[in-house]
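Data from upload-v9.cif: mmCIF, C-alpha atoms
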```
data_data
#
loop_
_atom_site.group_PDB
_atom_site.id
_atom_site.type_symbol
_atom_site.label_atom_id
_atom_site.label_comp_id
_atom_site.auth_asym_id
_atom_site.auth_seq_id
_atom_site.Cartn_x
_atom_site.Cartn_y
_atom_site.Cartn_z
ATOM 1 C CA MET A 1 -8.137 74.319 -48.213
ATOM 2 C CA LEU A 2 -8.911 76.029 -51.514
ATOM 3 C CA SER A 3 -10.431 74.578 -54.688
ATOM 4 C CA ILE A 4 -8.093 75.038 -57.635
ATOM 5 C CA PRO A 5 -9.591 75.474 -61.081
ATOM 6 C CA HIS A 6 -6.469 74.780 -63.129
ATOM 7 C CA ARG A 7 -2.980 73.295 -62.969
ATOM 8 C CA VAL A 8 -0.680 74.920 -60.441
ATOM 9 C CA THR A 9 2.853 74.157 -59.390
ATOM 10 C CA TYR A 10 4.031 75.326 -56.024
ATOM 11 C CA LEU A 11 7.369 75.140 -54.285
ATOM 12 C CA LEU A 12 7.953 75.643 -50.589
ATOM 13 C CA ALA A 13 11.515 75.594 -49.272
ATOM 14 C CA LEU A 14 13.448 76.505 -46.165
ATOM 15 C CA GLY A 15 17.247 76.077 -45.992
ATOM 16 C CA ALA A 16 18.199 72.467 -46.512
ATOM 17 C CA ALA A 17 14.748 71.139 -45.604
ATOM 18 C CA THR A 18 13.172 68.500 -47.826
ATOM 19 C CA LEU A 19 11.546 70.030 -50.907
ATOM 20 C CA LEU A 20 8.000 68.968 -51.702
ATOM 21 C CA LEU A 21 6.322 69.667 -55.039
ATOM 22 C CA ALA A 22 2.573 69.298 -55.550
ATOM 23 C CA THR A 23 0.370 69.910 -58.592
ATOM 24 C CA GLY A 24 -3.388 69.823 -58.870
ATOM 25 C CA CYS A 25 -6.037 70.077 -61.561
ATOM 26 C CA GLY A 26 -9.608 70.695 -60.474
ATOM 27 C CA GLY A 27 -8.730 69.796 -56.877
ATOM 28 C CA GLU A 28 -6.486 70.971 -54.041
ATOM 29 C CA ALA A 29 -2.801 71.827 -53.877
ATOM 30 C CA SER A 30 -0.971 71.769 -50.555
ATOM 31 C CA ASN A 31 2.626 71.370 -49.446
ATOM 32 C CA GLU A 32 4.071 70.482 -46.057
ATOM 33 C CA SER A 33 7.588 71.411 -44.955
ATOM 34 C CA SER A 34 9.417 72.517 -41.827
ATOM 35 C CA SER A 35 8.089 75.987 -42.568
ATOM 36 C CA GLY A 36 4.389 75.385 -42.933
ATOM 37 C CA THR A 37 1.542 74.729 -45.349
ATOM 38 C CA VAL A 38 0.860 76.507 -48.630
ATOM 39 C CA ASP A 39 -2.237 76.790 -50.784
ATOM 40 C CA THR A 40 -2.369 78.684 -54.075
ATOM 41 C CA THR A 41 -4.857 79.269 -56.865
ATOM 42 C CA SER A 42 -2.598 80.650 -59.606
ATOM 43 C CA THR A 43 0.929 80.529 -60.965
ATOM 44 C CA VAL A 44 1.995 82.871 -58.173
ATOM 45 C CA THR A 45 4.601 81.290 -55.884
ATOM 46 C CA LEU A 46 4.672 82.083 -52.168
ATOM 47 C CA GLU A 47 7.462 80.458 -50.181
ATOM 48 C CA ALA A 48 9.157 80.677 -46.818
ATOM 49 C CA GLY A 49 12.872 81.504 -47.011
ATOM 50 C CA GLU A 50 15.960 81.672 -44.877
ATOM 51 C CA ARG A 51 16.902 84.642 -42.760
ATOM 52 C CA ALA A 52 19.584 86.975 -44.060
ATOM 53 C CA PRO A 53 22.948 86.632 -42.243
ATOM 54 C CA ALA A 54 22.732 87.749 -38.628
ATOM 55 C CA ILE A 55 23.968 91.157 -37.469
ATOM 56 C CA GLU A 56 25.377 90.241 -34.077
ATOM 57 C CA GLY A 57 24.526 92.573 -31.219
ATOM 58 C CA ALA A 58 22.327 94.892 -33.293
ATOM 59 C CA THR A 59 19.737 96.557 -31.050
ATOM 60 C CA ALA A 60 17.305 99.459 -31.083
ATOM 61 C CA ARG A 61 16.008 100.979 -27.827
ATOM 62 C CA PHE A 62 13.541 103.744 -27.049
ATOM 63 C CA GLU A 63 15.073 106.480 -24.930
ATOM 64 C CA ALA A 64 11.924 108.598 -25.127
ATOM 65 C CA PRO A 65 9.119 108.526 -24.278
ATOM 66 C CA THR A 66 9.516 106.595 -21.059
ATOM 67 C CA PRO A 67 7.121 103.721 -20.251
ATOM 68 C CA GLY A 68 3.766 104.989 -19.072
ATOM 69 C CA ALA A 69 4.526 108.611 -19.973
ATOM 70 C CA VAL A 70 1.568 110.954 -20.504
ATOM 71 C CA LEU A 71 2.222 113.244 -23.469
ATOM 72 C CA ASP A 72 0.359 116.302 -24.650
ATOM 73 C CA SER A 73 -1.857 115.966 -27.706
ATOM 74 C CA GLY A 74 -0.310 117.074 -30.964
ATOM 75 C CA GLU A 75 3.027 116.139 -32.516
ATOM 76 C CA VAL A 76 4.735 113.266 -30.708
ATOM 77 C CA ASN A 77 8.450 112.511 -30.966
ATOM 78 C CA VAL A 78 10.358 109.355 -30.076
ATOM 79 C CA GLU A 79 14.098 108.873 -29.601
ATOM 80 C CA VAL A 80 15.803 105.596 -30.528
ATOM 81 C CA ALA A 81 19.297 104.570 -29.425
ATOM 82 C CA ILE A 82 21.097 102.063 -31.661
ATOM 83 C CA GLU A 83 24.001 99.720 -30.952
ATOM 84 C CA ASN A 84 26.138 97.544 -33.265
ATOM 85 C CA PHE A 85 24.156 98.746 -36.261
ATOM 86 C CA THR A 86 24.814 101.667 -38.621
ATOM 87 C CA PRO A 87 21.859 103.456 -40.214
ATOM 88 C CA GLY A 88 22.572 104.768 -43.702
ATOM 89 C CA GLU A 89 24.854 101.899 -44.728
ATOM 90 C CA GLN A 90 23.867 99.482 -47.482
ATOM 91 C CA THR A 91 23.570 95.905 -46.217
ATOM 92 C CA GLU A 92 26.197 94.062 -48.230
ATOM 93 C CA VAL A 93 24.573 90.678 -48.852
ATOM 94 C CA PRO A 94 23.340 89.174 -52.154
ATOM 95 C CA ARG A 95 19.693 89.455 -51.087
ATOM 96 C CA ARG A 96 19.952 93.241 -51.392
ATOM 97 C CA GLU A 97 20.080 92.876 -55.190
ATOM 98 C CA GLN A 98 16.991 90.642 -55.260
ATOM 99 C CA LEU A 99 14.500 92.864 -53.433
ATOM 100 C CA ALA A 100 13.219 96.411 -53.243
ATOM 101 C CA ASN A 101 16.085 98.205 -51.483
ATOM 102 C CA SER A 102 16.274 101.582 -49.765
ATOM 103 C CA GLY A 103 18.840 103.919 -51.285
ATOM 104 C CA ASN A 104 19.080 105.531 -47.836
ATOM 105 C CA GLY A 105 20.485 102.307 -46.396
ATOM 106 C CA GLN A 106 19.856 100.599 -43.083
ATOM 107 C CA HIS A 107 17.355 102.063 -40.633
ATOM 108 C CA THR A 108 14.905 101.151 -37.903
ATOM 109 C CA HIS A 109 11.228 100.357 -38.332
ATOM 110 C CA ILE A 110 8.950 102.076 -35.831
ATOM 111 C CA ILE A 111 5.427 100.652 -35.663
ATOM 112 C CA VAL A 112 2.755 102.444 -33.633
ATOM 113 C CA ASN A 113 -0.569 100.753 -32.802
ATOM 114 C CA ASN A 114 -0.170 98.377 -35.757
ATOM 115 C CA ASP A 115 -0.170 101.152 -38.360
ATOM 116 C CA PRO A 116 2.321 100.938 -41.276
ATOM 117 C CA TYR A 117 5.869 101.451 -40.048
ATOM 118 C CA PHE A 118 7.923 104.631 -40.028
ATOM 119 C CA ALA A 119 11.431 104.273 -41.510
ATOM 120 C CA ASN A 120 13.832 106.019 -39.115
ATOM 121 C CA TYR A 121 17.313 106.771 -40.496
ATOM 122 C CA ASN A 122 18.485 108.772 -37.463
ATOM 123 C CA THR A 123 21.800 107.678 -35.990
ATOM 124 C CA ASP A 124 22.128 109.103 -32.476
ATOM 125 C CA ALA A 125 18.785 109.157 -30.627
ATOM 126 C CA GLU A 126 17.720 112.457 -32.160
ATOM 127 C CA PRO A 127 13.958 113.120 -32.034
ATOM 128 C CA PHE A 128 11.884 111.386 -34.688
ATOM 129 C CA SER A 129 8.368 112.659 -35.312
ATOM 130 C CA LEU A 130 5.380 110.322 -35.310
ATOM 131 C CA GLY A 131 3.180 113.202 -36.419
ATOM 132 C CA GLU A 132 0.127 114.389 -34.537
ATOM 133 C CA LEU A 133 -1.478 111.707 -32.379
ATOM 134 C CA GLU A 134 -4.999 111.862 -31.001
ATOM 135 C CA PRO A 135 -5.597 111.221 -27.280
ATOM 136 C CA GLY A 136 -5.346 107.536 -26.477
ATOM 137 C CA ALA A 137 -3.136 104.659 -25.366
ATOM 138 C CA TYR A 138 -0.218 103.846 -27.679
ATOM 139 C CA SER A 139 2.270 100.994 -28.107
ATOM 140 C CA ALA A 140 5.400 101.742 -30.149
ATOM 141 C CA PHE A 141 7.578 98.882 -31.390
ATOM 142 C CA VAL A 142 11.074 99.332 -32.897
ATOM 143 C CA PHE A 143 13.679 97.016 -34.443
ATOM 144 C CA PRO A 144 16.714 97.347 -36.749
ATOM 145 C CA SER A 145 16.067 96.873 -40.460
ATOM 146 C CA ARG A 146 18.513 96.018 -43.216
ATOM 147 C CA SER A 147 18.549 98.290 -46.273
ATOM 148 C CA PHE A 148 16.162 95.880 -48.059
ATOM 149 C CA HIS A 149 13.789 96.066 -45.061
ATOM 150 C CA GLU A 150 14.345 92.607 -43.564
ATOM 151 C CA SER A 151 14.218 92.885 -39.789
ATOM 152 C CA VAL A 152 17.059 91.828 -37.484
ATOM 153 C CA LYS A 153 15.409 88.972 -35.591
ATOM 154 C CA SER A 154 16.492 88.179 -32.051
ATOM 155 C CA GLU A 155 15.161 88.269 -28.508
ATOM 156 C CA ASP A 156 17.240 91.366 -27.746
ATOM 157 C CA ALA A 157 17.163 93.430 -30.957
ATOM 158 C CA PHE A 158 13.781 95.113 -30.487
ATOM 159 C CA ASP A 159 12.101 97.373 -27.954
ATOM 160 C CA VAL A 160 8.546 98.377 -27.091
ATOM 161 C CA VAL A 161 7.241 101.350 -25.134
ATOM 162 C CA ASN A 162 3.690 102.046 -24.000
ATOM 163 C CA PHE A 163 2.594 105.658 -23.457
ATOM 164 C CA TYR A 164 -0.472 107.852 -23.356
ATOM 165 C CA VAL A 165 -1.405 110.937 -25.308
ATOM 166 C CA GLY A 166 -3.665 113.115 -23.162
ATOM 167 C CA GLU A 167 -4.389 112.557 -19.484
ATOM 168 C CA GLU A 168 -7.937 111.418 -20.202
ATOM 169 C CA ALA A 169 -6.510 108.304 -21.905
ATOM 170 C CA GLU A 170 -4.870 106.880 -18.782
ATOM 171 C CA SER A 171 -7.699 104.425 -18.195
ATOM 172 C CA GLU A 172 -7.324 102.848 -21.667
ATOM 173 C CA GLU A 173 -5.511 99.570 -22.320
ATOM 174 C CA PHE A 174 -2.322 99.456 -24.357
ATOM 175 C CA PRO A 175 -2.462 97.497 -27.653
ATOM 176 C CA LEU A 176 0.699 95.552 -26.695
ATOM 177 C CA GLU A 177 0.528 94.304 -23.129
ATOM 178 C CA GLU A 178 3.494 92.581 -21.513
ATOM 179 C CA GLY A 179 3.141 88.820 -21.837
ATOM 180 C CA ALA A 180 0.421 88.860 -24.516
ATOM 181 C CA PRO A 181 1.434 86.802 -27.592
ATOM 182 C CA SER A 182 1.565 89.118 -30.609
ATOM 183 C CA ILE A 183 2.779 89.166 -34.198
ATOM 184 C CA ILE A 184 3.952 92.495 -35.650
ATOM 185 C CA TYR A 185 3.372 93.069 -39.383
ATOM 186 C CA SER A 186 6.295 94.804 -41.128
ATOM 187 C CA ARG A 187 6.444 94.170 -44.909
ATOM 188 C CA PRO A 188 5.288 94.497 -47.643
ATOM 189 C CA LYS A 189 4.253 98.145 -47.695
ATOM 190 C CA GLY A 190 3.204 100.604 -50.392
ATOM 191 C CA THR A 191 3.918 100.243 -54.115
ATOM 192 C CA TYR A 192 6.323 97.834 -55.845
ATOM 193 C CA SER A 193 7.457 98.781 -59.365
ATOM 194 C CA GLY A 194 9.778 97.380 -62.034
ATOM 195 C CA ASP A 195 12.458 95.024 -60.737
ATOM 196 C CA GLY A 196 11.220 95.561 -57.179
ATOM 197 C CA ALA A 197 7.928 93.905 -58.133
ATOM 198 C CA GLU A 198 9.535 90.659 -59.328
ATOM 199 C CA ARG A 199 10.190 89.268 -55.839
ATOM 200 C CA ILE A 200 8.425 90.787 -52.818
ATOM 201 C CA MET A 201 9.396 90.033 -49.237
ATOM 202 C CA LEU A 202 6.875 89.377 -46.473
ATOM 203 C CA ASP A 203 8.286 89.979 -43.001
ATOM 204 C CA PHE A 204 7.025 90.145 -39.418
ATOM 205 C CA TYR A 205 8.270 90.376 -35.841
ATOM 206 C CA LEU A 206 7.333 88.227 -32.851
ATOM 207 C CA TYR A 207 6.513 89.512 -29.353
ATOM 208 C CA ASN A 208 5.925 87.162 -26.399
ATOM 209 C CA VAL A 209 5.471 84.194 -28.717
ATOM 210 C CA GLU A 210 7.380 81.455 -30.539
ATOM 211 C CA LEU A 211 6.201 79.610 -33.632
ATOM 212 C CA SER A 212 6.123 75.815 -33.941
ATOM 213 C CA ALA A 213 4.488 73.029 -35.932
ATOM 214 C CA ASP A 214 2.055 72.168 -33.126
ATOM 215 C CA GLY A 215 1.685 75.580 -31.482
ATOM 216 C CA TYR A 216 1.465 79.174 -32.631
ATOM 217 C CA ARG A 217 1.713 79.788 -36.388
ATOM 218 C CA ALA A 218 1.818 82.773 -38.723
ATOM 219 C CA HIS A 219 -0.672 82.717 -41.595
ATOM 220 C CA TYR A 220 -0.491 84.880 -44.744
ATOM 221 C CA THR A 221 -3.215 85.389 -47.335
ATOM 222 C CA ILE A 222 -2.825 87.371 -50.572
ATOM 223 C CA GLU A 223 -5.985 88.486 -52.370
ATOM 224 C CA GLU A 224 -6.265 90.465 -55.615
ATOM 225 C CA GLU A 225 -8.738 93.312 -55.757
ATOM 226 C CA GLY A 226 -12.020 92.137 -57.269
ATOM 227 C CA SER A 227 -11.299 88.417 -56.848
ATOM 228 C CA ASP A 228 -13.355 86.038 -54.708
ATOM 229 C CA GLU A 229 -10.483 83.620 -54.024
ATOM 230 C CA PRO A 230 -7.000 84.170 -52.579
ATOM 231 C CA VAL A 231 -4.066 84.285 -54.957
ATOM 232 C CA ALA A 232 -1.992 82.373 -52.399
ATOM 233 C CA GLU A 233 -1.828 81.364 -48.738
ATOM 234 C CA LEU A 234 1.073 80.349 -46.533
ATOM 235 C CA THR A 235 1.184 79.004 -42.980
ATOM 236 C CA MET A 236 4.560 79.345 -41.260
ATOM 237 C CA HIS A 237 5.821 77.751 -38.065
ATOM 238 C CA GLU A 238 9.336 79.194 -38.144
ATOM 239 C CA TRP A 239 10.330 82.849 -37.812
ATOM 240 C CA THR A 240 11.740 83.684 -41.233
ATOM 241 C CA PRO A 241 10.785 86.031 -44.058
ATOM 242 C CA ALA A 242 8.655 84.784 -46.935
ATOM 243 C CA PHE A 243 8.777 85.710 -50.630
ATOM 244 C CA VAL A 244 6.136 86.013 -53.335
ATOM 245 C CA GLU A 245 6.809 86.011 -57.071
ATOM 246 C CA GLY A 246 4.569 86.166 -60.119
ATOM 247 C CA LEU A 247 2.083 88.837 -59.043
ATOM 248 C CA ASP A 248 0.641 90.693 -62.036
ATOM 249 C CA SER A 249 0.114 94.437 -61.992
ATOM 250 C CA GLY A 250 -2.760 95.296 -59.707
ATOM 251 C CA THR A 251 -3.863 95.997 -56.152
ATOM 252 C CA TYR A 252 -3.583 93.250 -53.546
ATOM 253 C CA THR A 253 -4.531 92.816 -49.906
ATOM 254 C CA PHE A 254 -1.879 91.070 -47.799
ATOM 255 C CA THR A 255 -3.254 89.650 -44.548
ATOM 256 C CA LEU A 256 -1.191 88.363 -41.606
ATOM 257 C CA GLU A 257 -2.717 86.450 -38.685
ATOM 258 C CA LEU A 258 -1.364 84.769 -35.576
ATOM 259 C CA LEU A 259 -3.036 81.361 -35.130
ATOM 260 C CA ASP A 260 -3.017 79.001 -32.154
ATOM 261 C CA GLU A 261 -2.664 75.218 -32.157
ATOM 262 C CA ASN A 262 -6.349 74.893 -33.124
ATOM 263 C CA ASP A 263 -5.990 77.244 -36.097
ATOM 264 C CA GLU A 264 -7.970 79.883 -34.208
ATOM 265 C CA ARG A 265 -6.905 83.507 -34.414
ATOM 266 C CA VAL A 266 -5.161 84.689 -31.240
ATOM 267 C CA PRO A 267 -6.913 87.722 -29.709
ATOM 268 C CA GLY A 268 -5.044 91.000 -29.801
ATOM 269 C CA PRO A 269 -4.998 94.230 -31.855
ATOM 270 C CA PHE A 270 -1.799 93.255 -33.686
ATOM 271 C CA ASN A 271 -2.773 89.673 -34.495
ATOM 272 C CA TYR A 272 -4.853 90.408 -37.583
ATOM 273 C CA THR A 273 -3.440 92.902 -40.087
ATOM 274 C CA GLU A 274 -4.454 93.859 -43.607
ATOM 275 C CA ARG A 275 -2.266 95.963 -45.915
ATOM 276 C CA GLU A 276 -3.138 97.155 -49.414
ATOM 277 C CA ILE A 277 -0.181 96.699 -51.783
ATOM 278 C CA VAL A 278 0.126 97.989 -55.346
ATOM 279 C CA VAL A 279 2.188 96.030 -57.923
ATOM 280 C CA GLU A 280 3.348 97.732 -61.129
ATOM 281 C CA ARG A 281 5.039 95.273 -63.498
#
```
So that I can check it, write out the structure of this file as structure tokens.
Amino acid sequence: MLSIPHRVTYLLALGAATLLLATGCGGEASNESSSGTVDTTSTVTLEAGERAPAIEGATARFEAPTPGAVLDSGEVNVEVAIENFTPGEQTEVPRREQLANSGNGQHTHIIVNNDPYFANYNTDAEPFSLGELEPGAYSAFVFPSRSFHESVKSEDAFDVVNFYVGEEAESEEFPLEEGAPSIIYSRPKGTYSGDGAERIMLDFYLYNVELSADGYRAHYTIEEEGSDEPVAELTMHEWTPAFVEGLDSGTYTFTLELLDENDERVPGPFNYTEREIVVER
């Protein structure tokens, strides 16, 4: 828990769950709900939210490369087939007006070895370049994304493919192994300006793991550049997006971890991620 030097009000809500409000002065502030535990040291609010309406049957699948393929060094392309989901369309739900939204519409997020995602707007499995990749073992993860970058969350919507670049890499282990519990960081990413900086979405994907109150949990920390204490923290035990409001202009580090029932970090290359985010109010 974090020591709080001044009064802070924090709200954590999920759907119709009971709302708990806690304030502290010179002590600790924590909230418990069906979504997790929150600590904060400022007027910033960080809360778990509901998922956007489902997009039934939406899937993204890698058609290339094939699992275990050995590719030449240099530029690497992937091909993604999509069903029941139309890239380029705007997602027509109210949340689109509340968040940073892509003018190019719906797309897929492609995440390679836990680097920031590529936004793929291709519609018919045409090649998409990942750029030049050095020799090594690679795990690529793909899922459909609404125009405001919230992932389509289901057991069948995503796909993962493991491949090598360069024959000498064939003895290396893949970052995402089948059966290993992993959490995939998606948002936020980059710079948020103007209206898009008012409410910022935090989103992730789950692989081989489920969240619960007494099992695996997702833990977020937001830290401002130059500060010794986090701006806010949030522990989640349901798979939903989260939202942060009240960040001043500045540079922040968003950290996502997968924790076990003992609050220990789960081993794995994807299970601890830091992203530098710029806010311009």
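The environment of A:Ala64 within 12 Å, counting all atoms listed in the file and disregarding residues fewer than 4 places along the same chain, consists of Gly68, Ala69, Val70, Leu71, Val76, Asn77, Val78, Glu79, Val80, Ala81, Ala125, Glu126, Pro127, Phe128, Ser129, Ala140, Asp159, Val160, Val161, Asn162 and Phe163 of chain A.
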Check your understanding: What is the atom CA of A:Ser73 to atom CA of A:Gly131 distance in Å?
Key -> 10.4 Å
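Every residue within 8 Å of the file position (24.9, 99.8, -51.5), judged by only C-alpha atoms, is given as Glu89, Gln90, Thr91, Glu92, Gly103 and Gly105 of chain A.
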Point to revise | Selected residue of minimal separation from A:Pro269 among A:Phe141, A:Phe62, A:Tyr164, A:Phe174, counting only C-alpha atoms | key: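 Ranked by minimum distance to A:Pro269, first place goes to A:Phe174.
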**Study point:** Contact residues around stretch 276-278 of chain A with all atoms listed in the file at 8 Å, ignoring same-chain residues under 4 positions, as a PyMOL selection string
**Key:** chain A and resi 188-192+249-254
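For the residues A:Ala218, A:Ile200, A:Ala60, A:Val231, ranking by smallest atom-to-atom distance to A:Leu256 using all atoms listed in the file places A:Ala218 first.
Taking atom CA of A:Pro144 as the reference point, atom CA of A:Thr86 is found at 9.4 Å.
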Check your understanding: Which distance in Å separates atom CA of A:Glu172 and atom CA of A:Ala137, to one decimal?
Key -> 5.9 Å
Exercise for review: May I have the residues within 7 Å of A:Tyr220 as a ChimeraX atom specification, using all atoms listed in the file and disregarding those fewer than 2 positions away in the same chain?
Suggested key: /A:218,222,233-235,255-257
Exercise for review: Find, counting all atoms listed in the file, the residue in A:Ala197, A:Leu211, A:Leu46, A:Val112 that gets nearest to A:Trp239.
Suggested key: A:Leu211
Check your understanding: Restricting the calculation to only C-alpha atoms, which member of A:His237, A:His149, A:Arg61, A:Arg281 is positioned closest to A:Ser102?
Key ->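 Selected residue with least distance to A:Ser102: A:His149.
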Point to revise | Residue with smallest distance to A:Glu97 - pool A:Glu229, A:Glu173, A:Asp195, A:Glu245, counting only C-alpha atoms | key: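 Nearest to A:Glu97: A:Asp195.
Take the candidates A:Glu63, A:Asp248, A:Glu224, A:Glu238 and check each one against A:Lys153 using only C-alpha atoms; the shortest distance goes to A:Glu238.
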Point to revise | Output of the PyMOL selection byres ((chain A and resi 262) around 12), listed as a ChimeraX atom specification | key: /A:213-217,258-261,263-266
Model the absent atoms of stretch 54-75 of chain A so that N, CA and C atoms are present, and write the result as an mmCIF file, keeping the file's coordinate frame.
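As written to disk, out-v8.cif reads:
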```cif
data_model
loop_
_atom_site.group_PDB
_atom_site.id
_atom_site.type_symbol
_atom_site.label_atom_id
_atom_site.label_comp_id
_atom_site.auth_asym_id
_atom_site.auth_seq_id
_atom_site.Cartn_x
_atom_site.Cartn_y
_atom_site.Cartn_z
ATOM 1 N N ALA A 54 22.971 87.010 -39.863
ATOM 2 C CA ALA A 54 22.732 87.749 -38.628
ATOM 3 C C ALA A 54 23.634 88.983 -38.538
ATOM 4 N N ILE A 55 23.154 89.984 -37.825
ATOM 5 C CA ILE A 55 23.968 91.157 -37.469
ATOM 6 C C ILE A 55 24.118 91.113 -35.959
ATOM 7 N N GLU A 56 25.204 90.540 -35.497
ATOM 8 C CA GLU A 56 25.377 90.241 -34.077
ATOM 9 C C GLU A 56 25.351 91.517 -33.235
ATOM 10 N N GLY A 57 24.558 91.471 -32.183
ATOM 11 C CA GLY A 57 24.526 92.573 -31.219
ATOM 12 C C GLY A 57 23.730 93.783 -31.649
ATOM 13 N N ALA A 58 23.092 93.737 -32.828
ATOM 14 C CA ALA A 58 22.327 94.892 -33.293
ATOM 15 C C ALA A 58 21.084 95.070 -32.427
ATOM 16 N N THR A 59 20.894 96.272 -31.886
ATOM 17 C CA THR A 59 19.737 96.557 -31.050
ATOM 18 C C THR A 59 19.216 97.960 -31.330
ATOM 19 N N ALA A 60 17.936 98.136 -31.048
ATOM 20 C CA ALA A 60 17.305 99.459 -31.083
ATOM 21 C C ALA A 60 16.507 99.608 -29.793
ATOM 22 N N ARG A 61 16.662 100.744 -29.110
ATOM 23 C CA ARG A 61 16.008 100.979 -27.827
ATOM 24 C C ARG A 61 15.385 102.370 -27.797
ATOM 25 N N PHE A 62 14.174 102.448 -27.242
ATOM 26 C CA PHE A 62 13.541 103.744 -27.049
ATOM 27 C C PHE A 62 14.165 104.446 -25.841
ATOM 28 N N GLU A 63 14.640 105.650 -26.054
ATOM 29 C CA GLU A 63 15.073 106.480 -24.930
ATOM 30 C C GLU A 63 13.979 107.454 -24.516
ATOM 31 N N ALA A 64 13.082 107.759 -25.423
ATOM 32 C CA ALA A 64 11.924 108.598 -25.127
ATOM 33 C C ALA A 64 10.817 108.221 -26.106
ATOM 34 N N PRO A 65 9.570 108.216 -25.635
ATOM 35 C CA PRO A 65 9.119 108.526 -24.278
ATOM 36 C C PRO A 65 9.441 107.380 -23.321
ATOM 37 N N THR A 66 9.305 107.631 -22.058
ATOM 38 C CA THR A 66 9.516 106.595 -21.059
ATOM 39 C C THR A 66 8.227 105.790 -20.886
ATOM 40 N N PRO A 67 8.328 104.539 -20.416
ATOM 41 C CA PRO A 67 7.121 103.721 -20.251
ATOM 42 C C PRO A 67 6.088 104.395 -19.360
ATOM 43 N N GLY A 68 4.855 104.412 -19.839
ATOM 44 C CA GLY A 68 3.766 104.989 -19.072
ATOM 45 C C GLY A 68 3.684 106.499 -19.114
ATOM 46 N N ALA A 69 4.535 107.151 -19.901
ATOM 47 C CA ALA A 69 4.526 108.611 -19.973
ATOM 48 C C ALA A 69 3.182 109.113 -20.505
ATOM 49 N N VAL A 70 2.776 110.287 -20.019
ATOM 50 C CA VAL A 70 1.568 110.954 -20.504
ATOM 51 C C VAL A 70 2.015 112.181 -21.287
ATOM 52 N N LEU A 71 1.765 112.179 -22.592
ATOM 53 C CA LEU A 71 2.222 113.244 -23.469
ATOM 54 C C LEU A 71 1.057 114.133 -23.872
ATOM 55 N N ASP A 72 1.379 115.373 -24.179
ATOM 56 C CA ASP A 72 0.359 116.302 -24.650
ATOM 57 C C ASP A 72 -0.102 115.900 -26.049
ATOM 58 N N SER A 73 -1.350 116.199 -26.361
ATOM 59 C CA SER A 73 -1.857 115.966 -27.706
ATOM 60 C C SER A 73 -1.085 116.818 -28.701
ATOM 61 N N GLY A 74 -1.049 116.366 -29.932
ATOM 62 C CA GLY A 74 -0.310 117.074 -30.964
ATOM 63 C C GLY A 74 0.845 116.233 -31.463
ATOM 64 N N GLU A 75 1.891 116.867 -31.962
ATOM 65 C CA GLU A 75 3.027 116.139 -32.516
ATOM 66 C C GLU A 75 3.776 115.395 -31.416
#
```
